Amino acid sequence: MTNRLNTVQKVSDCIPAARNILSSVFGYPAFRGQQADIISHLANGNDCLVLMPTGGGKSLCYQIPALMREGVAIVVSPLIALMQNQVAALHEAGVHAAVLNSTLPHEEAQRVEQKLLACEYDLLYVAPERLLTRHFLDLISRIPLALFAIDEAHCVSQWGHDFRPEYSQLSVLHERFPAVPRIALTATADPVTRQEIIERLALHEAKIFVSSFDRPNIRYHIVDKINSKQQLLTFIQTEHSGNAGIVYCLARKKVEEITAWLNFHDINALPYHAGMSPQQRASNQETFLREDNIVMVATIAFGMGIDKPDVRFVAHLDMPRSIEAYYQETGRAGRDGLKANAWMAYGLNDVIQQRRMIEESDALQQFKQIATRKLESMLAYCETITCRRMHLLHYLGETAVPQFCGNCDVCLNPPKTWDATIEVQKALSCVYRTGQQFGAGYLIDVLRGNCTARVKHWGHDQISTFGIGSDLPVKTWRAIFRQMIARGLLTTDSEGHGALWLTEASRPALKGQQNIFLRQPDVDKKIFRKMEPAVEPLFSSAEQHLWEQLRAWRSETAIEHGVPAYVIFHDATLKELVHACPRTMEELSRITGIGAHKLDKYGDHLINILRHAN
Ligand code: ADP
Ligand code: ZN
């Protein structure tokens, strides 16, 4: 910052000062959730651990104190791309910040170090391995330090997927700089990880700020998989035309196939999977981040460190292996707080495929059991007839959860249930009579009296269950089998051939001692009601035209500055511009996301576009 706001070392009530920075530097009118408390706690020199969901606004929790306290704030982050984008966004807001990591040429790194010694930065982002070098620790011991921020703090956890060995040595910061306050931040909620962070980072004295992990702007929506390619296309065309989104698939081949299919239908899609070269992957990721209308079709290799705020939807064409994975993947939608969709097509094959993957893996029995339990929770979530958000938050350990969210498919379009006791009995009986050796497809042939060569070969056209289910279509039978597996009334064989077996729970159901209600399948078009779009449409064609103009200007400016489009302005800011249509600099300064620096830099251009709008 040109006039640095770094004079406040100890202040009892620093919230007004923080609010002033929020508005003048970042252009936001109000703090979100616990931001103000966290900022005040840290700005007053205290340690804290912040558990906040993705999109909750963690960055401001240390960026604002960094501007309030004397000295340089050191931010540790494991992700190079993310650091660079954060620094680019800070530059746009007029904040002095820089990155130090292994990708920097030697001379550039030296220049950064010199500026650091001259205290020219408010924030310095540094990779953990760099931070831990003697050279760097000596360097920062020669300057005043505002704070240490340890982002993605769950990387200390050896049990997590993102384990970074260097993170476990970060307690050195506390040992060498006991007077410098620290803030650790993560979007990983579980208590085990939380305890590990406290232990390994020596944060025993730190105050813990836990936010709700609800993401109210995300709409959860699961559909019965019928023709997933077509369903995906319809979903994107009707609700997300021109939006950025992520489509997750399990296999590379499917990623390629879906990318081609979407491109064929004029949707800008790019693939991302482990079979591509690192350069190709990096380039596709870069395009996705920079532009505002790319659909990334990816395996789960994609996503860590994607802080793009305007991802409008996350679609799953294959079911994730656990609720944790689902929550993390869907959480990449709607970081900017605008409406977003988490959509999934789910069917019988997902259940069988995931079970098979567990069986075929080399993991120890103990891990297979955990994986099976997690999968069962995921299936229960898919099949739930209660509010999905409630289900999800309960699973994540939250207790104060409303029964009805009004923003998931179950709340918006309550599923009908039907008494399937007899059908379940017929299916179980068919499994029993055919010797528990066949998969769902074959069993459905027998039930429907479909005399295929295979059925004939095994003589199953002669058994009592042959044709007893001819009154129902294949789709309904598939939905019945899927739900039976999800409820543990059937299980897949341990050899991974997809044959269905009876379970302990099958017995009472087979004898008809228990009434079984299943979810009515969505196959009947009359039952399926299209939801209104999750993202508000712009009403008039003049508004639409202005929106396009602003987007085009943003895109040009972003290319000129070599930064992603959202770093210039978020969609939320452009949308507010369209609706409020400010004509003066004063009016413009009141728009969310336009701080003093951006007003200075872009105000004239924007006024010019807006004046010519109508
Ligand atoms: P997290 O790191 O928790 O996932 P970020 O810090 O990236 O979240 O913030 C998510 C988005 O919300 C960012 O684009 C950020 O600019 C915006 N944001 C954060 N706090 C506020 C606020 N108080 N008002 C408006 N927007 C905010
Ligand atoms: Zn709901």
# chains A, B, ... in the order shown; residues from 1 in each chain; ligands from 1
>>> residues_near_ligand(ligand="ligand 2", cutoff="10 Å", atoms="only C-alpha atoms and all ligand atoms", output="count of residues only")
25
>>> residues_around(residues="Lys601 in chain A", least_positions_apart="3", cutoff="10 Å", atoms="only C-alpha atoms", output="ChimeraX atom specification")
/A:92-94,596-598,604-606
>>> write_last_selection(atoms="C-alpha atoms", output="mmCIF file, in the first residue's frame")
data_model
loop_
_atom_site.group_PDB
_atom_site.id
_atom_site.type_symbol
_atom_site.label_atom_id
_atom_site.label_comp_id
_atom_site.auth_asym_id
_atom_site.auth_seq_id
_atom_site.Cartn_x
_atom_site.Cartn_y
_atom_site.Cartn_z
ATOM 1 C CA GLU A 92 -4.921 -5.447 -8.149
ATOM 2 C CA ALA A 93 -6.181 -4.154 -4.804
ATOM 3 C CA GLY A 94 -3.027 -2.072 -4.422
ATOM 4 C CA ALA A 596 -9.916 2.621 -3.811
ATOM 5 C CA HIS A 597 -7.152 1.203 -5.993
ATOM 6 C CA LYS A 598 -9.480 -0.467 -8.490
ATOM 7 C CA ASP A 604 -13.034 5.765 -15.969
ATOM 8 C CA HIS A 605 -13.284 2.699 -18.213
ATOM 9 C CA LEU A 606 -16.286 1.397 -16.332
#
>>> select_by_dssp(residues="range 64-287 of chain A", states="alpha helix (DSSP H)", output="number ranges by chain")
A: 64-68, 80-92, 106-117, 128-131, 134-140, 172-176, 191-200, 228-239, 252-264, 278-287
>>> atom_distance(atom1="CA of Tyr248 in chain A", atom2="CA of Asp190 in chain A")
24.1 Å
>>> residues_around(residues="Leu262 in chain A", least_positions_apart="3", cutoff="12 Å", atoms="only C-alpha atoms", output="list in words")
Lys229, Gln230, Gln231, Leu232, Leu233, Thr234, Phe235, Ile236, Gln237, Ser241, Val247, Val255, Glu256, Glu257, Ile258, Thr259, His265, Asp266, Ile267, Asn268, Ala269, Leu270, Pro271, Ile294, Val295, Met296 and Val297 of chain A
>>> write_last_selection(atoms="N, CA, C and O atoms", output="mmCIF file, in the first residue's frame")
data_model
loop_
_atom_site.group_PDB
_atom_site.id
_atom_site.type_symbol
_atom_site.label_atom_id
_atom_site.label_comp_id
_atom_site.auth_asym_id
_atom_site.auth_seq_id
_atom_site.Cartn_x
_atom_site.Cartn_y
_atom_site.Cartn_z
ATOM 1 N N LYS A 229 -24.693 -38.857 -20.345
ATOM 2 C CA LYS A 229 -24.129 -37.863 -21.264
ATOM 3 C C LYS A 229 -25.176 -36.822 -21.643
ATOM 4 O O LYS A 229 -24.962 -35.626 -21.583
ATOM 5 N N GLN A 230 -26.346 -37.346 -22.013
ATOM 6 C CA GLN A 230 -27.429 -36.466 -22.419
ATOM 7 C C GLN A 230 -27.950 -35.656 -21.221
ATOM 8 O O GLN A 230 -28.231 -34.467 -21.338
ATOM 9 N N GLN A 231 -28.027 -36.308 -20.076
ATOM 10 C CA GLN A 231 -28.501 -35.606 -18.882
ATOM 11 C C GLN A 231 -27.567 -34.452 -18.518
ATOM 12 O O GLN A 231 -28.010 -33.361 -18.173
ATOM 13 N N LEU A 232 -26.266 -34.720 -18.631
ATOM 14 C CA LEU A 232 -25.281 -33.667 -18.336
ATOM 15 C C LEU A 232 -25.441 -32.503 -19.305
ATOM 16 O O LEU A 232 -25.472 -31.337 -18.904
ATOM 17 N N LEU A 233 -25.563 -32.852 -20.575
ATOM 18 C CA LEU A 233 -25.699 -31.810 -21.602
ATOM 19 C C LEU A 233 -26.937 -30.945 -21.336
ATOM 20 O O LEU A 233 -26.858 -29.718 -21.358
ATOM 21 N N THR A 234 -28.043 -31.604 -21.061
ATOM 22 C CA THR A 234 -29.276 -30.855 -20.791
ATOM 23 C C THR A 234 -29.108 -29.965 -19.559
ATOM 24 O O THR A 234 -29.510 -28.802 -19.558
ATOM 25 N N PHE A 235 -28.488 -30.522 -18.545
ATOM 26 C CA PHE A 235 -28.258 -29.749 -17.316
ATOM 27 C C PHE A 235 -27.433 -28.488 -17.626
ATOM 28 O O PHE A 235 -27.797 -27.382 -17.222
ATOM 29 N N ILE A 236 -26.340 -28.653 -18.360
ATOM 30 C CA ILE A 236 -25.481 -27.489 -18.654
ATOM 31 C C ILE A 236 -26.222 -26.507 -19.559
ATOM 32 O O ILE A 236 -26.224 -25.300 -19.306
ATOM 33 N N GLN A 237 -26.867 -27.044 -20.592
ATOM 34 C CA GLN A 237 -27.555 -26.145 -21.529
ATOM 35 C C GLN A 237 -28.679 -25.363 -20.861
ATOM 36 O O GLN A 237 -28.867 -24.186 -21.130
ATOM 37 N N SER A 241 -25.453 -22.288 -19.254
ATOM 38 C CA SER A 241 -24.823 -21.959 -20.523
ATOM 39 C C SER A 241 -23.870 -20.772 -20.323
ATOM 40 O O SER A 241 -24.191 -19.787 -19.658
ATOM 41 N N VAL A 247 -16.667 -31.046 -14.310
ATOM 42 C CA VAL A 247 -17.366 -32.325 -14.420
ATOM 43 C C VAL A 247 -16.403 -33.409 -13.969
ATOM 44 O O VAL A 247 -15.313 -33.544 -14.539
ATOM 45 N N VAL A 255 -13.304 -39.195 -19.384
ATOM 46 C CA VAL A 255 -12.995 -37.756 -19.419
ATOM 47 C C VAL A 255 -12.872 -37.307 -20.874
ATOM 48 O O VAL A 255 -13.473 -36.308 -21.292
ATOM 49 N N GLU A 256 -12.110 -38.078 -21.664
ATOM 50 C CA GLU A 256 -11.899 -37.724 -23.075
ATOM 51 C C GLU A 256 -13.229 -37.720 -23.829
ATOM 52 O O GLU A 256 -13.521 -36.826 -24.613
ATOM 53 N N GLU A 257 -14.002 -38.762 -23.574
ATOM 54 C CA GLU A 257 -15.258 -38.932 -24.294
ATOM 55 C C GLU A 257 -16.238 -37.789 -23.983
ATOM 56 O O GLU A 257 -16.860 -37.223 -24.887
ATOM 57 N N ILE A 258 -16.341 -37.439 -22.717
ATOM 58 C CA ILE A 258 -17.284 -36.378 -22.325
ATOM 59 C C ILE A 258 -16.811 -35.011 -22.849
ATOM 60 O O ILE A 258 -17.612 -34.193 -23.296
ATOM 61 N N THR A 259 -15.496 -34.804 -22.818
ATOM 62 C CA THR A 259 -14.967 -33.540 -23.347
ATOM 63 C C THR A 259 -15.373 -33.389 -24.812
ATOM 64 O O THR A 259 -15.861 -32.335 -25.238
ATOM 65 N N HIS A 265 -21.166 -30.164 -28.835
ATOM 66 C CA HIS A 265 -22.394 -29.388 -28.608
ATOM 67 C C HIS A 265 -22.096 -27.945 -28.210
ATOM 68 O O HIS A 265 -22.869 -27.318 -27.468
ATOM 69 N N ASP A 266 -20.951 -27.436 -28.695
ATOM 70 C CA ASP A 266 -20.597 -26.016 -28.519
ATOM 71 C C ASP A 266 -20.408 -25.579 -27.084
ATOM 72 O O ASP A 266 -20.635 -24.418 -26.747
ATOM 73 N N ILE A 267 -19.999 -26.504 -26.237
ATOM 74 C CA ILE A 267 -19.632 -26.102 -24.873
ATOM 75 C C ILE A 267 -18.110 -26.174 -24.793
ATOM 76 O O ILE A 267 -17.511 -27.164 -25.204
ATOM 77 N N ASN A 268 -17.487 -25.102 -24.297
ATOM 78 C CA ASN A 268 -16.025 -25.049 -24.213
ATOM 79 C C ASN A 268 -15.516 -25.966 -23.121
ATOM 80 O O ASN A 268 -15.446 -25.571 -21.960
ATOM 81 N N ALA A 269 -15.169 -27.202 -23.496
ATOM 82 C CA ALA A 269 -14.731 -28.143 -22.469
ATOM 83 C C ALA A 269 -13.268 -28.516 -22.680
ATOM 84 O O ALA A 269 -12.798 -28.615 -23.817
ATOM 85 N N LEU A 270 -12.552 -28.733 -21.576
ATOM 86 C CA LEU A 270 -11.160 -29.173 -21.633
ATOM 87 C C LEU A 270 -10.996 -30.387 -20.732
ATOM 88 O O LEU A 270 -11.644 -30.472 -19.690
ATOM 89 N N PRO A 271 -10.101 -31.319 -21.122
ATOM 90 C CA PRO A 271 -9.896 -32.501 -20.268
ATOM 91 C C PRO A 271 -8.777 -32.287 -19.240
ATOM 92 O O PRO A 271 -7.911 -31.437 -19.440
ATOM 93 N N ILE A 294 -15.179 -21.888 -19.095
ATOM 94 C CA ILE A 294 -14.641 -23.208 -19.451
ATOM 95 C C ILE A 294 -15.221 -24.280 -18.541
ATOM 96 O O ILE A 294 -15.328 -24.095 -17.332
ATOM 97 N N VAL A 295 -15.590 -25.397 -19.159
ATOM 98 C CA VAL A 295 -15.994 -26.561 -18.373
ATOM 99 C C VAL A 295 -14.809 -27.521 -18.339
ATOM 100 O O VAL A 295 -14.324 -27.964 -19.371
ATOM 101 N N MET A 296 -14.322 -27.811 -17.148
ATOM 102 C CA MET A 296 -13.194 -28.724 -17.022
ATOM 103 C C MET A 296 -13.737 -30.107 -16.749
ATOM 104 O O MET A 296 -14.460 -30.314 -15.761
ATOM 105 N N VAL A 297 -13.432 -31.063 -17.654
ATOM 106 C CA VAL A 297 -13.868 -32.440 -17.435
ATOM 107 C C VAL A 297 -12.662 -33.174 -16.874
ATOM 108 O O VAL A 297 -11.612 -33.234 -17.520
#
>>> residues_around(residues="Leu42 in chain A", least_positions_apart="2", cutoff="12 Å", atoms="only C-alpha atoms", output="ChimeraX atom specification")
/A:9-15,18,35-40,44-50,60-69,73,146-149,180-184,206-209
>>> residues_around(residues="Ala88 in chain A", least_positions_apart="2", cutoff="10 Å", atoms="only C-alpha atoms", output="PyMOL selection string")
chain A and resi 82-86+90-95+97-99+561-564+567-568
>>> write_last_selection(atoms="N, CA, C and O atoms", output="PDB file, in the first residue's frame")
ATOM      1  N   LEU A  82      -1.758 -21.195  -6.455  1.00  0.00           N
ATOM      2  CA  LEU A  82      -2.649 -20.448  -5.585  1.00  0.00           C
ATOM      3  C   LEU A  82      -1.978 -19.197  -5.029  1.00  0.00           C
ATOM      4  O   LEU A  82      -2.575 -18.125  -4.963  1.00  0.00           O
ATOM      5  N   MET A  83      -0.699 -19.352  -4.652  1.00  0.00           N
ATOM      6  CA  MET A  83       0.047 -18.199  -4.125  1.00  0.00           C
ATOM      7  C   MET A  83       0.108 -17.101  -5.160  1.00  0.00           C
ATOM      8  O   MET A  83      -0.095 -15.933  -4.864  1.00  0.00           O
ATOM      9  N   GLN A  84       0.426 -17.518  -6.399  1.00  0.00           N
ATOM     10  CA  GLN A  84       0.570 -16.512  -7.447  1.00  0.00           C
ATOM     11  C   GLN A  84      -0.727 -15.752  -7.698  1.00  0.00           C
ATOM     12  O   GLN A  84      -0.718 -14.539  -7.839  1.00  0.00           O
ATOM     13  N   ASN A  85      -1.835 -16.487  -7.700  1.00  0.00           N
ATOM     14  CA  ASN A  85      -3.116 -15.825  -7.926  1.00  0.00           C
ATOM     15  C   ASN A  85      -3.502 -14.905  -6.773  1.00  0.00           C
ATOM     16  O   ASN A  85      -4.064 -13.835  -6.981  1.00  0.00           O
ATOM     17  N   GLN A  86      -3.186 -15.333  -5.566  1.00  0.00           N
ATOM     18  CA  GLN A  86      -3.497 -14.492  -4.400  1.00  0.00           C
ATOM     19  C   GLN A  86      -2.703 -13.195  -4.479  1.00  0.00           C
ATOM     20  O   GLN A  86      -3.218 -12.117  -4.202  1.00  0.00           O
ATOM     21  N   LEU A  90      -3.963  -9.367  -4.786  1.00  0.00           N
ATOM     22  CA  LEU A  90      -3.560  -8.306  -3.849  1.00  0.00           C
ATOM     23  C   LEU A  90      -2.985  -7.111  -4.607  1.00  0.00           C
ATOM     24  O   LEU A  90      -3.265  -5.963  -4.271  1.00  0.00           O
ATOM     25  N   HIS A  91      -2.176  -7.378  -5.633  1.00  0.00           N
ATOM     26  CA  HIS A  91      -1.641  -6.271  -6.443  1.00  0.00           C
ATOM     27  C   HIS A  91      -2.769  -5.443  -7.044  1.00  0.00           C
ATOM     28  O   HIS A  91      -2.726  -4.222  -7.042  1.00  0.00           O
ATOM     29  N   GLU A  92      -3.785  -6.160  -7.563  1.00  0.00           N
ATOM     30  CA  GLU A  92      -4.921  -5.447  -8.149  1.00  0.00           C
ATOM     31  C   GLU A  92      -5.593  -4.539  -7.126  1.00  0.00           C
ATOM     32  O   GLU A  92      -6.143  -3.509  -7.472  1.00  0.00           O
ATOM     33  N   ALA A  93      -5.562  -4.970  -5.849  1.00  0.00           N
ATOM     34  CA  ALA A  93      -6.181  -4.154  -4.804  1.00  0.00           C
ATOM     35  C   ALA A  93      -5.200  -3.107  -4.265  1.00  0.00           C
ATOM     36  O   ALA A  93      -5.516  -2.388  -3.320  1.00  0.00           O
ATOM     37  N   GLY A  94      -4.004  -3.081  -4.827  1.00  0.00           N
ATOM     38  CA  GLY A  94      -3.027  -2.072  -4.422  1.00  0.00           C
ATOM     39  C   GLY A  94      -2.215  -2.436  -3.193  1.00  0.00           C
ATOM     40  O   GLY A  94      -1.613  -1.578  -2.552  1.00  0.00           O
ATOM     41  N   VAL A  95      -2.191  -3.718  -2.848  1.00  0.00           N
ATOM     42  CA  VAL A  95      -1.427  -4.151  -1.671  1.00  0.00           C
ATOM     43  C   VAL A  95      -0.048  -4.636  -2.122  1.00  0.00           C
ATOM     44  O   VAL A  95       0.077  -5.307  -3.150  1.00  0.00           O
ATOM     45  N   ALA A  97       2.656  -7.078  -2.158  1.00  0.00           N
ATOM     46  CA  ALA A  97       2.831  -8.482  -1.789  1.00  0.00           C
ATOM     47  C   ALA A  97       3.730  -9.161  -2.813  1.00  0.00           C
ATOM     48  O   ALA A  97       3.872  -8.675  -3.938  1.00  0.00           O
ATOM     49  N   ALA A  98       4.344 -10.253  -2.421  1.00  0.00           N
ATOM     50  CA  ALA A  98       5.200 -10.991  -3.352  1.00  0.00           C
ATOM     51  C   ALA A  98       5.205 -12.462  -2.995  1.00  0.00           C
ATOM     52  O   ALA A  98       4.718 -12.865  -1.935  1.00  0.00           O
ATOM     53  N   VAL A  99       5.775 -13.268  -3.918  1.00  0.00           N
ATOM     54  CA  VAL A  99       5.878 -14.718  -3.722  1.00  0.00           C
ATOM     55  C   VAL A  99       7.339 -15.115  -3.713  1.00  0.00           C
ATOM     56  O   VAL A  99       8.124 -14.596  -4.506  1.00  0.00           O
ATOM     57  N   HIS A 561      -3.096  -7.794 -18.247  1.00  0.00           N
ATOM     58  CA  HIS A 561      -2.376  -7.828 -16.967  1.00  0.00           C
ATOM     59  C   HIS A 561      -1.808  -9.210 -16.641  1.00  0.00           C
ATOM     60  O   HIS A 561      -1.171  -9.380 -15.609  1.00  0.00           O
ATOM     61  N   GLY A 562      -2.106 -10.174 -17.493  1.00  0.00           N
ATOM     62  CA  GLY A 562      -1.616 -11.535 -17.253  1.00  0.00           C
ATOM     63  C   GLY A 562      -2.184 -12.157 -15.987  1.00  0.00           C
ATOM     64  O   GLY A 562      -1.487 -12.854 -15.256  1.00  0.00           O
ATOM     65  N   VAL A 563      -3.451 -11.901 -15.685  1.00  0.00           N
ATOM     66  CA  VAL A 563      -4.074 -12.486 -14.488  1.00  0.00           C
ATOM     67  C   VAL A 563      -5.420 -13.113 -14.869  1.00  0.00           C
ATOM     68  O   VAL A 563      -5.975 -12.791 -15.919  1.00  0.00           O
ATOM     69  N   PRO A 564      -5.956 -14.010 -14.029  1.00  0.00           N
ATOM     70  CA  PRO A 564      -7.286 -14.555 -14.303  1.00  0.00           C
ATOM     71  C   PRO A 564      -8.344 -13.449 -14.282  1.00  0.00           C
ATOM     72  O   PRO A 564      -8.182 -12.458 -13.563  1.00  0.00           O
ATOM     73  N   VAL A 567      -9.690 -12.019 -11.020  1.00  0.00           N
ATOM     74  CA  VAL A 567      -8.812 -11.158 -10.231  1.00  0.00           C
ATOM     75  C   VAL A 567      -9.123  -9.680 -10.520  1.00  0.00           C
ATOM     76  O   VAL A 567      -9.007  -8.816  -9.664  1.00  0.00           O
ATOM     77  N   ILE A 568      -9.554  -9.411 -11.741  1.00  0.00           N
ATOM     78  CA  ILE A 568      -9.944  -8.027 -12.071  1.00  0.00           C
ATOM     79  C   ILE A 568     -11.245  -7.694 -11.323  1.00  0.00           C
ATOM     80  O   ILE A 568     -11.270  -6.794 -10.513  1.00  0.00           O
TER      81      ILE A 568
END
>>> residues_near_ligand(ligand="ligand 1", cutoff="9 Å", atoms="only C-alpha atoms and all ligand atoms", output="MDAnalysis selection string")
chainID A and resid 22 26:33 35:36 51:61 86 89 151:152 185:187 307:310 332 334:337 566:567 570 592:593
>>> atom_distance(atom1="CA of Glu576 in chain A", atom2="CA of Phe288 in chain A")
23.8 Å
>>> closest_residue(among="A:Glu120, A:Glu166, A:Glu556, A:Glu239", to="Ala340 in chain A", atoms="only C-alpha atoms")
A:Glu239
>>> closest_atom_pairs(of="range 416-479 of chain A", to="range 484-492 of chain A", cutoff="10 Å", atoms="only C-alpha atoms", output="Markdown table")
| residue | atom | partner | partner_atom | distance |
| --- | --- | --- | --- | --- |
| A:Val424 | CA | A:Met484 | CA | 7.7 |
| A:Ala427 | CA | A:Met484 | CA | 9.3 |
| A:Leu428 | CA | A:Leu490 | CA | 8.0 |
| A:Val431 | CA | A:Leu490 | CA | 9.1 |
| A:Gln436 | CA | A:Thr492 | CA | 9.6 |
| A:Gln437 | CA | A:Thr492 | CA | 9.8 |
| A:Phe438 | CA | A:Thr492 | CA | 9.6 |
| A:Gly439 | CA | A:Thr492 | CA | 8.3 |
| A:Ala440 | CA | A:Thr492 | CA | 9.9 |
| A:Arg478 | CA | A:Met484 | CA | 9.8 |
| A:Ala479 | CA | A:Met484 | CA | 8.5 |
>>> closest_residue(among="A:Ser102, A:Ser322, A:Arg448, A:Gln549", to="Leu472 in chain A", atoms="only C-alpha atoms")
A:Arg448
>>> atom_distance(atom1="CA of Leu100 in chain A", atom2="CA of Glu113 in chain A")
8.5 Å
>>> select_by_dssp(residues="range 298-392 of chain A", states="strand (DSSP E or B)", output="NGL selection string")
:A and (298 or 311-316 or 340-346)
>>> closest_residue(among="A:Ala400, A:Val112, A:Val172, A:Leu289", to="Phe213 in chain A", atoms="only C-alpha atoms")
A:Ala400
>>> residues_around(residues="range 354-366 of chain A", least_positions_apart="2", cutoff="9 Å", atoms="only C-alpha atoms", output="PyMOL selection string")
chain A and resi 319-321+349-352+368-372+375+491-498
>>> write_last_selection(atoms="N, CA, C and O atoms", output="tab-separated table (two decimals), in the first residue's frame")
chain	number	residue	atom	x	y	z
A	319	MET	N	-20.15	-41.59	-8.94
A	319	MET	CA	-20.31	-41.28	-7.52
A	319	MET	C	-18.95	-41.24	-6.81
A	319	MET	O	-18.14	-42.14	-7.00
A	320	PRO	N	-18.68	-40.22	-6.00
A	320	PRO	CA	-17.43	-40.20	-5.22
A	320	PRO	C	-17.43	-41.34	-4.21
A	320	PRO	O	-18.48	-41.87	-3.87
A	321	ARG	N	-16.23	-41.65	-3.69
A	321	ARG	CA	-16.11	-42.83	-2.83
A	321	ARG	C	-16.54	-42.57	-1.38
A	321	ARG	O	-16.70	-43.50	-0.61
A	349	ASN	N	-24.84	-48.89	-11.56
A	349	ASN	CA	-23.45	-49.22	-11.85
A	349	ASN	C	-22.46	-48.54	-10.91
A	349	ASN	O	-21.40	-49.07	-10.63
A	350	ASP	N	-22.82	-47.35	-10.44
A	350	ASP	CA	-21.94	-46.65	-9.49
A	350	ASP	C	-21.73	-47.49	-8.24
A	350	ASP	O	-20.63	-47.61	-7.72
A	351	VAL	N	-22.84	-48.06	-7.79
A	351	VAL	CA	-22.78	-48.85	-6.57
A	351	VAL	C	-21.87	-50.05	-6.78
A	351	VAL	O	-20.97	-50.34	-5.99
A	352	ILE	N	-22.08	-50.74	-7.90
A	352	ILE	CA	-21.32	-51.95	-8.17
A	352	ILE	C	-19.85	-51.62	-8.42
A	352	ILE	O	-18.95	-52.26	-7.88
A	368	LYS	N	-10.04	-51.64	3.90
A	368	LYS	CA	-11.20	-51.98	3.07
A	368	LYS	C	-12.49	-51.81	3.86
A	368	LYS	O	-13.51	-51.37	3.33
A	369	GLN	N	-12.41	-52.18	5.14
A	369	GLN	CA	-13.62	-52.03	5.96
A	369	GLN	C	-14.00	-50.56	6.11
A	369	GLN	O	-15.17	-50.20	6.02
A	370	ILE	N	-12.98	-49.73	6.32
A	370	ILE	CA	-13.26	-48.29	6.46
A	370	ILE	C	-13.85	-47.77	5.15
A	370	ILE	O	-14.85	-47.06	5.14
A	371	ALA	N	-13.22	-48.18	4.03
A	371	ALA	CA	-13.69	-47.70	2.73
A	371	ALA	C	-15.14	-48.14	2.49
A	371	ALA	O	-15.95	-47.39	1.96
A	372	THR	N	-15.46	-49.37	2.91
A	372	THR	CA	-16.82	-49.87	2.73
A	372	THR	C	-17.80	-49.06	3.55
A	372	THR	O	-18.88	-48.70	3.07
A	375	LEU	N	-18.33	-45.77	1.89
A	375	LEU	CA	-19.16	-45.93	0.70
A	375	LEU	C	-20.63	-46.08	1.09
A	375	LEU	O	-21.52	-45.50	0.46
A	491	THR	N	-25.65	-57.76	-1.50
A	491	THR	CA	-24.28	-57.27	-1.55
A	491	THR	C	-23.60	-57.86	-2.79
A	491	THR	O	-24.08	-58.85	-3.34
A	492	THR	N	-22.50	-57.23	-3.22
A	492	THR	CA	-21.81	-57.78	-4.38
A	492	THR	C	-20.78	-58.79	-3.90
A	492	THR	O	-20.31	-58.70	-2.77
A	493	ASP	N	-20.44	-59.75	-4.75
A	493	ASP	CA	-19.52	-60.81	-4.34
A	493	ASP	C	-18.12	-60.25	-4.10
A	493	ASP	O	-17.76	-59.18	-4.56
A	494	SER	N	-17.33	-61.02	-3.33
A	494	SER	CA	-16.01	-60.51	-2.98
A	494	SER	C	-15.00	-60.71	-4.10
A	494	SER	O	-13.89	-60.23	-4.03
A	495	GLU	N	-15.36	-61.44	-5.16
A	495	GLU	CA	-14.39	-61.61	-6.26
A	495	GLU	C	-14.48	-60.47	-7.26
A	495	GLU	O	-13.72	-60.41	-8.22
A	496	GLY	N	-15.41	-59.60	-7.06
A	496	GLY	CA	-15.50	-58.44	-7.93
A	496	GLY	C	-16.12	-58.73	-9.29
A	496	GLY	O	-15.86	-58.03	-10.26
A	497	HIS	N	-16.94	-59.79	-9.42
A	497	HIS	CA	-17.58	-60.07	-10.72
A	497	HIS	C	-18.95	-59.40	-10.83
A	497	HIS	O	-19.62	-59.54	-11.83
A	498	GLY	N	-19.37	-58.76	-9.78
A	498	GLY	CA	-20.66	-58.07	-9.82
A	498	GLY	C	-21.84	-58.98	-9.51
A	498	GLY	O	-22.99	-58.55	-9.62
>>> closest_residue(among="A:Ile198, A:Ile468, A:Ile218, A:Leu145", to="Leu447 in chain A", atoms="only C-alpha atoms")
A:Ile468
>>> residues_around(residues="Pro78 in chain A", least_positions_apart="6", cutoff="9 Å", atoms="only C-alpha atoms", output="list in words")
Val126, Ala127, Pro128, Asp151, Glu152, Cys155, Arg164, Tyr167 and Gly305 of chain A
>>> closest_residue(among="A:Glu329, A:Ser168, A:His161, A:Leu173", to="Leu131 in chain A", atoms="only C-alpha atoms")
A:Leu173
